[in-house]
Amino acid sequence: MMYDVQLPGYGVLLIACKVCGARPEPEQAYTIADPPRWTQLLESGDKTAITAYLMQDQTVFRHGTRKDKPCPAIPLPGPALHKLAGHEAIAMADDLKALLLSQD
Ligand SMILES: [Zn+2]
């Protein structure tokens, strides 16, 4: 099992998905500002802004597979996975899917 790594003094986070183990390339690591930015966005419930963030994140972070199926934590972006356990990530992904599919 891989865990998030924080490099002291650099403010850099190497966040791995607890469900599928995917992680961004080190040169595309997140900063310590990314998880709170994502949390704020999610709390805002702004679907347009959340979708824009997810599109941007896909250029950095892509989930892999688990048991030959797409990772159940899709569509969570990398920063959402910071310090989450696998079952929490799957529950949060379900909540996010419901939010994105909901009508205003
Ligand atoms: Zn994943």
# chains A, B, ... in the order shown; residues from 1 in each chain; ligands from 1
>>> residues_around(residues="A:Ala85", least_positions_apart="4", cutoff="10 Å", atoms="only C-alpha atoms", output="list of chain:residue names")
A:Tyr3, A:Cys17, A:Lys18, A:Val19, A:Leu81, A:Ala89, A:Ile90
>>> write_last_selection(atoms="N, CA and C atoms", output="PDB file, in the first residue's frame")
ATOM      1  N   TYR A   3       1.348   5.368   0.347  1.00  0.00           N
ATOM      2  CA  TYR A   3       0.752   6.449   1.115  1.00  0.00           C
ATOM      3  C   TYR A   3       1.194   7.782   0.544  1.00  0.00           C
ATOM      4  N   CYS A  17      -3.850   7.332  -5.087  1.00  0.00           N
ATOM      5  CA  CYS A  17      -5.209   6.845  -4.840  1.00  0.00           C
ATOM      6  C   CYS A  17      -5.117   5.584  -3.980  1.00  0.00           C
ATOM      7  N   LYS A  18      -5.845   5.573  -2.858  1.00  0.00           N
ATOM      8  CA  LYS A  18      -5.785   4.413  -1.961  1.00  0.00           C
ATOM      9  C   LYS A  18      -6.499   3.207  -2.553  1.00  0.00           C
ATOM     10  N   VAL A  19      -7.317   3.463  -3.561  1.00  0.00           N
ATOM     11  CA  VAL A  19      -8.118   2.374  -4.129  1.00  0.00           C
ATOM     12  C   VAL A  19      -7.366   1.670  -5.265  1.00  0.00           C
ATOM     13  N   LEU A  81      -8.102  13.002  -2.669  1.00  0.00           N
ATOM     14  CA  LEU A  81      -7.699  11.721  -2.099  1.00  0.00           C
ATOM     15  C   LEU A  81      -6.726  11.852  -0.939  1.00  0.00           C
ATOM     16  N   ALA A  89     -12.841   7.148   0.069  1.00  0.00           N
ATOM     17  CA  ALA A  89     -12.711   7.659  -1.296  1.00  0.00           C
ATOM     18  C   ALA A  89     -13.873   7.171  -2.163  1.00  0.00           C
ATOM     19  N   ILE A  90     -14.242   5.914  -2.006  1.00  0.00           N
ATOM     20  CA  ILE A  90     -15.343   5.371  -2.812  1.00  0.00           C
ATOM     21  C   ILE A  90     -16.657   6.074  -2.444  1.00  0.00           C
TER      22      ILE A  90
END
>>> residues_near_ligand(ligand="ligand 1", cutoff="7 Å", atoms="only C-alpha atoms and all ligand atoms", output="number ranges by chain")
A: 17-22, 63-65, 71-74
>>> atom_distance(atom1="atom CA of A:Ala91", atom2="atom CA of A:Lys69")
17.1 Å
>>> closest_residue(among="A:Asp68, A:Gly78, A:Phe61, A:Gln103", to="A:Arg37", atoms="only C-alpha atoms")
A:Gly78
>>> residues_around(residues="A:Ala80", least_positions_apart="4", cutoff="12 Å", atoms="only C-alpha atoms", output="ChimeraX atom specification")
/A:4,15-18,30,32-42,50,53-54,57,61,73-76,84-86,88-93,96
>>> write_last_selection(atoms="N, CA and C atoms", output="mmCIF file, in the first residue's frame")
data_model
loop_
_atom_site.group_PDB
_atom_site.id
_atom_site.type_symbol
_atom_site.label_atom_id
_atom_site.label_comp_id
_atom_site.auth_asym_id
_atom_site.auth_seq_id
_atom_site.Cartn_x
_atom_site.Cartn_y
_atom_site.Cartn_z
ATOM 1 N N ASP A 4 0.439 8.806 0.933
ATOM 2 C CA ASP A 4 0.821 10.142 0.520
ATOM 3 C C ASP A 4 2.192 10.462 1.100
ATOM 4 N N ILE A 15 0.398 12.501 -3.957
ATOM 5 C CA ILE A 15 -0.834 11.856 -3.508
ATOM 6 C C ILE A 15 -1.128 10.639 -4.372
ATOM 7 N N ALA A 16 -1.355 9.515 -3.712
ATOM 8 C CA ALA A 16 -1.719 8.290 -4.437
ATOM 9 C C ALA A 16 -3.160 7.929 -4.113
ATOM 10 N N CYS A 17 -3.850 7.332 -5.087
ATOM 11 C CA CYS A 17 -5.209 6.845 -4.840
ATOM 12 C C CYS A 17 -5.117 5.584 -3.980
ATOM 13 N N LYS A 18 -5.845 5.573 -2.858
ATOM 14 C CA LYS A 18 -5.785 4.413 -1.961
ATOM 15 C C LYS A 18 -6.499 3.207 -2.553
ATOM 16 N N TYR A 30 1.197 17.643 -6.446
ATOM 17 C CA TYR A 30 0.335 18.706 -5.940
ATOM 18 C C TYR A 30 1.081 19.478 -4.865
ATOM 19 N N ILE A 32 0.636 21.696 -1.096
ATOM 20 C CA ILE A 32 -0.186 21.590 0.110
ATOM 21 C C ILE A 32 -1.426 22.475 0.003
ATOM 22 N N ALA A 33 -1.470 23.377 -0.969
ATOM 23 C CA ALA A 33 -2.642 24.241 -1.148
ATOM 24 C C ALA A 33 -3.750 23.537 -1.927
ATOM 25 N N ASP A 34 -3.429 22.458 -2.612
ATOM 26 C CA ASP A 34 -4.423 21.824 -3.478
ATOM 27 C C ASP A 34 -5.575 21.141 -2.735
ATOM 28 N N PRO A 35 -5.306 20.325 -1.693
ATOM 29 C CA PRO A 35 -6.446 19.698 -1.014
ATOM 30 C C PRO A 35 -7.453 20.704 -0.437
ATOM 31 N N PRO A 36 -7.008 21.783 0.267
ATOM 32 C CA PRO A 36 -8.004 22.750 0.753
ATOM 33 C C PRO A 36 -8.739 23.460 -0.381
ATOM 34 N N ARG A 37 -8.057 23.683 -1.505
ATOM 35 C CA ARG A 37 -8.713 24.341 -2.643
ATOM 36 C C ARG A 37 -9.853 23.452 -3.153
ATOM 37 N N TRP A 38 -9.555 22.158 -3.271
ATOM 38 C CA TRP A 38 -10.584 21.231 -3.739
ATOM 39 C C TRP A 38 -11.737 21.146 -2.735
ATOM 40 N N THR A 39 -11.416 21.076 -1.434
ATOM 41 C CA THR A 39 -12.449 20.982 -0.400
ATOM 42 C C THR A 39 -13.381 22.190 -0.460
ATOM 43 N N GLN A 40 -12.792 23.369 -0.632
ATOM 44 C CA GLN A 40 -13.600 24.594 -0.727
ATOM 45 C C GLN A 40 -14.533 24.537 -1.922
ATOM 46 N N LEU A 41 -13.987 24.070 -3.028
ATOM 47 C CA LEU A 41 -14.767 23.991 -4.265
ATOM 48 C C LEU A 41 -15.947 23.040 -4.078
ATOM 49 N N LEU A 42 -15.676 21.899 -3.486
ATOM 50 C CA LEU A 42 -16.715 20.892 -3.277
ATOM 51 C C LEU A 42 -17.800 21.437 -2.349
ATOM 52 N N ILE A 50 -16.580 22.944 -10.355
ATOM 53 C CA ILE A 50 -16.085 21.607 -10.024
ATOM 54 C C ILE A 50 -15.731 20.847 -11.304
ATOM 55 N N TYR A 53 -12.520 22.079 -12.733
ATOM 56 C CA TYR A 53 -11.385 21.587 -11.953
ATOM 57 C C TYR A 53 -11.075 20.136 -12.323
ATOM 58 N N LEU A 54 -12.136 19.329 -12.455
ATOM 59 C CA LEU A 54 -11.937 17.916 -12.787
ATOM 60 C C LEU A 54 -11.287 17.751 -14.160
ATOM 61 N N ASP A 57 -7.712 18.603 -13.770
ATOM 62 C CA ASP A 57 -6.998 17.589 -12.991
ATOM 63 C C ASP A 57 -6.688 16.350 -13.825
ATOM 64 N N PHE A 61 -3.675 13.817 -13.221
ATOM 65 C CA PHE A 61 -3.931 12.612 -12.446
ATOM 66 C C PHE A 61 -4.993 11.757 -13.115
ATOM 67 N N ALA A 73 -13.035 4.961 -7.347
ATOM 68 C CA ALA A 73 -12.907 6.326 -6.834
ATOM 69 C C ALA A 73 -12.963 7.374 -7.949
ATOM 70 N N ILE A 74 -13.042 6.950 -9.209
ATOM 71 C CA ILE A 74 -13.287 7.897 -10.296
ATOM 72 C C ILE A 74 -14.637 8.541 -9.989
ATOM 73 N N PRO A 75 -14.850 9.808 -10.059
ATOM 74 C CA PRO A 75 -14.031 10.843 -10.684
ATOM 75 C C PRO A 75 -13.265 11.738 -9.710
ATOM 76 N N LEU A 76 -12.921 11.280 -8.552
ATOM 77 C CA LEU A 76 -12.227 12.171 -7.623
ATOM 78 C C LEU A 76 -10.893 12.642 -8.177
ATOM 79 N N LEU A 84 -7.360 10.252 2.621
ATOM 80 C CA LEU A 84 -8.595 9.467 2.635
ATOM 81 C C LEU A 84 -8.254 7.985 2.660
ATOM 82 N N ALA A 85 -9.060 7.213 3.383
ATOM 83 C CA ALA A 85 -8.952 5.765 3.287
ATOM 84 C C ALA A 85 -9.719 5.323 2.036
ATOM 85 N N GLY A 86 -9.458 4.117 1.593
ATOM 86 C CA GLY A 86 -10.086 3.624 0.362
ATOM 87 C C GLY A 86 -11.603 3.673 0.400
ATOM 88 N N GLU A 88 -13.473 5.530 2.198
ATOM 89 C CA GLU A 88 -13.917 6.924 2.222
ATOM 90 C C GLU A 88 -13.878 7.515 0.816
ATOM 91 N N ALA A 89 -12.841 7.148 0.069
ATOM 92 C CA ALA A 89 -12.711 7.659 -1.296
ATOM 93 C C ALA A 89 -13.873 7.171 -2.163
ATOM 94 N N ILE A 90 -14.242 5.914 -2.006
ATOM 95 C CA ILE A 90 -15.343 5.371 -2.812
ATOM 96 C C ILE A 90 -16.657 6.074 -2.444
ATOM 97 N N ALA A 91 -16.885 6.294 -1.142
ATOM 98 C CA ALA A 91 -18.107 6.996 -0.708
ATOM 99 C C ALA A 91 -18.115 8.425 -1.227
ATOM 100 N N MET A 92 -16.955 9.102 -1.175
ATOM 101 C CA MET A 92 -16.900 10.482 -1.641
ATOM 102 C C MET A 92 -17.112 10.554 -3.153
ATOM 103 N N ALA A 93 -16.589 9.575 -3.871
ATOM 104 C CA ALA A 93 -16.785 9.537 -5.321
ATOM 105 C C ALA A 93 -18.266 9.382 -5.646
ATOM 106 N N LEU A 96 -19.901 12.696 -5.138
ATOM 107 C CA LEU A 96 -19.557 13.638 -6.204
ATOM 108 C C LEU A 96 -20.343 13.319 -7.471
#
>>> select_by_dssp(residues="stretch 5-56 of chain A", states="helix (DSSP H, G or I)", output="count of residues only")
24
>>> residues_around(residues="A:Asp46", least_positions_apart="5", cutoff="10 Å", atoms="only C-alpha atoms", output="PyMOL selection string")
chain A and resi 41+51+99-100
>>> write_last_selection(atoms="C-alpha atoms", output="compact mmCIF listing (two decimals), in the first residue's frame")
# COMPACT_ATOMS: atom_id res chain seq x y z
CA LEU A 41 -14.77 23.99 -4.27
CA THR A 51 -16.34 20.26 -13.57
CA LEU A 99 -23.84 16.04 -7.16
CA LEU A 100 -22.70 16.27 -10.78
>>> closest_residue(among="A:Tyr10, A:Glu43, A:Ser102, A:Val60", to="A:Pro79", atoms="only C-alpha atoms")
A:Val60
>>> closest_residue(among="A:Thr59, A:Thr31, A:Glu25, A:Leu101", to="A:His82", atoms="only C-alpha atoms")
A:Thr31
>>> atom_distance(atom1="atom CA of A:Arg66", atom2="atom CA of A:Pro24")
16.9 Å
>>> atom_distance(atom1="atom CA of A:Pro70", atom2="atom CA of A:Gly45")
25.4 Å
>>> decode(residues="stretch 27-63 of chain A", atoms="N, CA and C atoms", output="CSV table (one decimal), in the first residue's frame")
chain,number,residue,atom,x,y,z
A,27,GLU,N,7.0,15.2,-11.1
A,27,GLU,CA,7.1,16.6,-11.5
A,27,GLU,C,5.8,17.3,-11.6
A,28,GLN,N,4.7,16.5,-11.5
A,28,GLN,CA,3.3,17.1,-11.5
A,28,GLN,C,2.7,16.9,-10.1
A,29,ALA,N,3.5,16.9,-9.1
A,29,ALA,CA,3.0,16.7,-7.7
A,29,ALA,C,2.1,17.9,-7.4
A,30,TYR,N,1.2,17.6,-6.4
A,30,TYR,CA,0.3,18.7,-5.9
A,30,TYR,C,1.1,19.5,-4.9
A,31,THR,N,0.5,20.6,-4.5
A,31,THR,CA,1.1,21.4,-3.4
A,31,THR,C,0.2,21.3,-2.2
A,32,ILE,N,0.6,21.7,-1.1
A,32,ILE,CA,-0.2,21.6,0.1
A,32,ILE,C,-1.4,22.5,0.0
A,33,ALA,N,-1.5,23.4,-1.0
A,33,ALA,CA,-2.6,24.2,-1.1
A,33,ALA,C,-3.7,23.5,-1.9
A,34,ASP,N,-3.4,22.5,-2.6
A,34,ASP,CA,-4.4,21.8,-3.5
A,34,ASP,C,-5.6,21.1,-2.7
A,35,PRO,N,-5.3,20.3,-1.7
A,35,PRO,CA,-6.4,19.7,-1.0
A,35,PRO,C,-7.5,20.7,-0.4
A,36,PRO,N,-7.0,21.8,0.3
A,36,PRO,CA,-8.0,22.8,0.8
A,36,PRO,C,-8.7,23.5,-0.4
A,37,ARG,N,-8.1,23.7,-1.5
A,37,ARG,CA,-8.7,24.3,-2.6
A,37,ARG,C,-9.9,23.5,-3.2
A,38,TRP,N,-9.6,22.2,-3.3
A,38,TRP,CA,-10.6,21.2,-3.7
A,38,TRP,C,-11.7,21.1,-2.7
A,39,THR,N,-11.4,21.1,-1.4
A,39,THR,CA,-12.4,21.0,-0.4
A,39,THR,C,-13.4,22.2,-0.5
A,40,GLN,N,-12.8,23.4,-0.6
A,40,GLN,CA,-13.6,24.6,-0.7
A,40,GLN,C,-14.5,24.5,-1.9
A,41,LEU,N,-14.0,24.1,-3.0
A,41,LEU,CA,-14.8,24.0,-4.3
A,41,LEU,C,-15.9,23.0,-4.1
A,42,LEU,N,-15.7,21.9,-3.5
A,42,LEU,CA,-16.7,20.9,-3.3
A,42,LEU,C,-17.8,21.4,-2.3
A,43,GLU,N,-17.4,22.1,-1.3
A,43,GLU,CA,-18.3,22.7,-0.4
A,43,GLU,C,-19.2,23.8,-1.0
A,44,SER,N,-18.6,24.5,-2.0
A,44,SER,CA,-19.4,25.5,-2.7
A,44,SER,C,-20.5,24.9,-3.5
A,45,GLY,N,-20.4,23.7,-3.9
A,45,GLY,CA,-21.5,23.0,-4.7
A,45,GLY,C,-21.6,23.6,-6.1
A,46,ASP,N,-20.6,24.4,-6.5
A,46,ASP,CA,-20.6,25.0,-7.9
A,46,ASP,C,-20.2,24.0,-8.9
A,47,LYS,N,-21.2,23.4,-9.6
A,47,LYS,CA,-21.0,22.3,-10.5
A,47,LYS,C,-20.1,22.7,-11.7
A,48,THR,N,-20.3,23.9,-12.1
A,48,THR,CA,-19.5,24.4,-13.3
A,48,THR,C,-18.0,24.5,-12.9
A,49,ALA,N,-17.8,25.0,-11.7
A,49,ALA,CA,-16.4,25.2,-11.3
A,49,ALA,C,-15.8,23.8,-10.9
A,50,ILE,N,-16.6,22.9,-10.4
A,50,ILE,CA,-16.1,21.6,-10.0
A,50,ILE,C,-15.7,20.8,-11.3
A,51,THR,N,-16.6,20.9,-12.3
A,51,THR,CA,-16.3,20.3,-13.6
A,51,THR,C,-15.1,20.8,-14.2
A,52,ALA,N,-14.9,22.1,-14.2
A,52,ALA,CA,-13.7,22.7,-14.8
A,52,ALA,C,-12.4,22.2,-14.0
A,53,TYR,N,-12.5,22.1,-12.7
A,53,TYR,CA,-11.4,21.6,-12.0
A,53,TYR,C,-11.1,20.1,-12.3
A,54,LEU,N,-12.1,19.3,-12.5
A,54,LEU,CA,-11.9,17.9,-12.8
A,54,LEU,C,-11.3,17.8,-14.2
A,55,MET,N,-11.7,18.6,-15.1
A,55,MET,CA,-11.1,18.5,-16.5
A,55,MET,C,-9.6,18.8,-16.4
A,56,GLN,N,-9.3,19.9,-15.6
A,56,GLN,CA,-7.9,20.3,-15.5
A,56,GLN,C,-7.1,19.2,-14.8
A,57,ASP,N,-7.7,18.6,-13.8
A,57,ASP,CA,-7.0,17.6,-13.0
A,57,ASP,C,-6.7,16.4,-13.8
A,58,GLN,N,-7.6,16.1,-14.8
A,58,GLN,CA,-7.3,14.9,-15.6
A,58,GLN,C,-6.1,14.9,-16.4
A,59,THR,N,-5.5,16.1,-16.6
A,59,THR,CA,-4.3,16.2,-17.3
A,59,THR,C,-3.1,15.9,-16.4
A,60,VAL,N,-3.3,15.8,-15.1
A,60,VAL,CA,-2.3,15.5,-14.1
A,60,VAL,C,-2.4,14.1,-13.5
A,61,PHE,N,-3.7,13.8,-13.2
A,61,PHE,CA,-3.9,12.6,-12.4
A,61,PHE,C,-5.0,11.8,-13.1
A,62,ARG,N,-4.7,10.5,-13.3
A,62,ARG,CA,-5.7,9.5,-13.8
A,62,ARG,C,-5.7,8.3,-13.0
A,63,HIS,N,-6.9,7.9,-12.6
A,63,HIS,CA,-7.1,6.7,-11.9
A,63,HIS,C,-6.7,5.5,-12.7
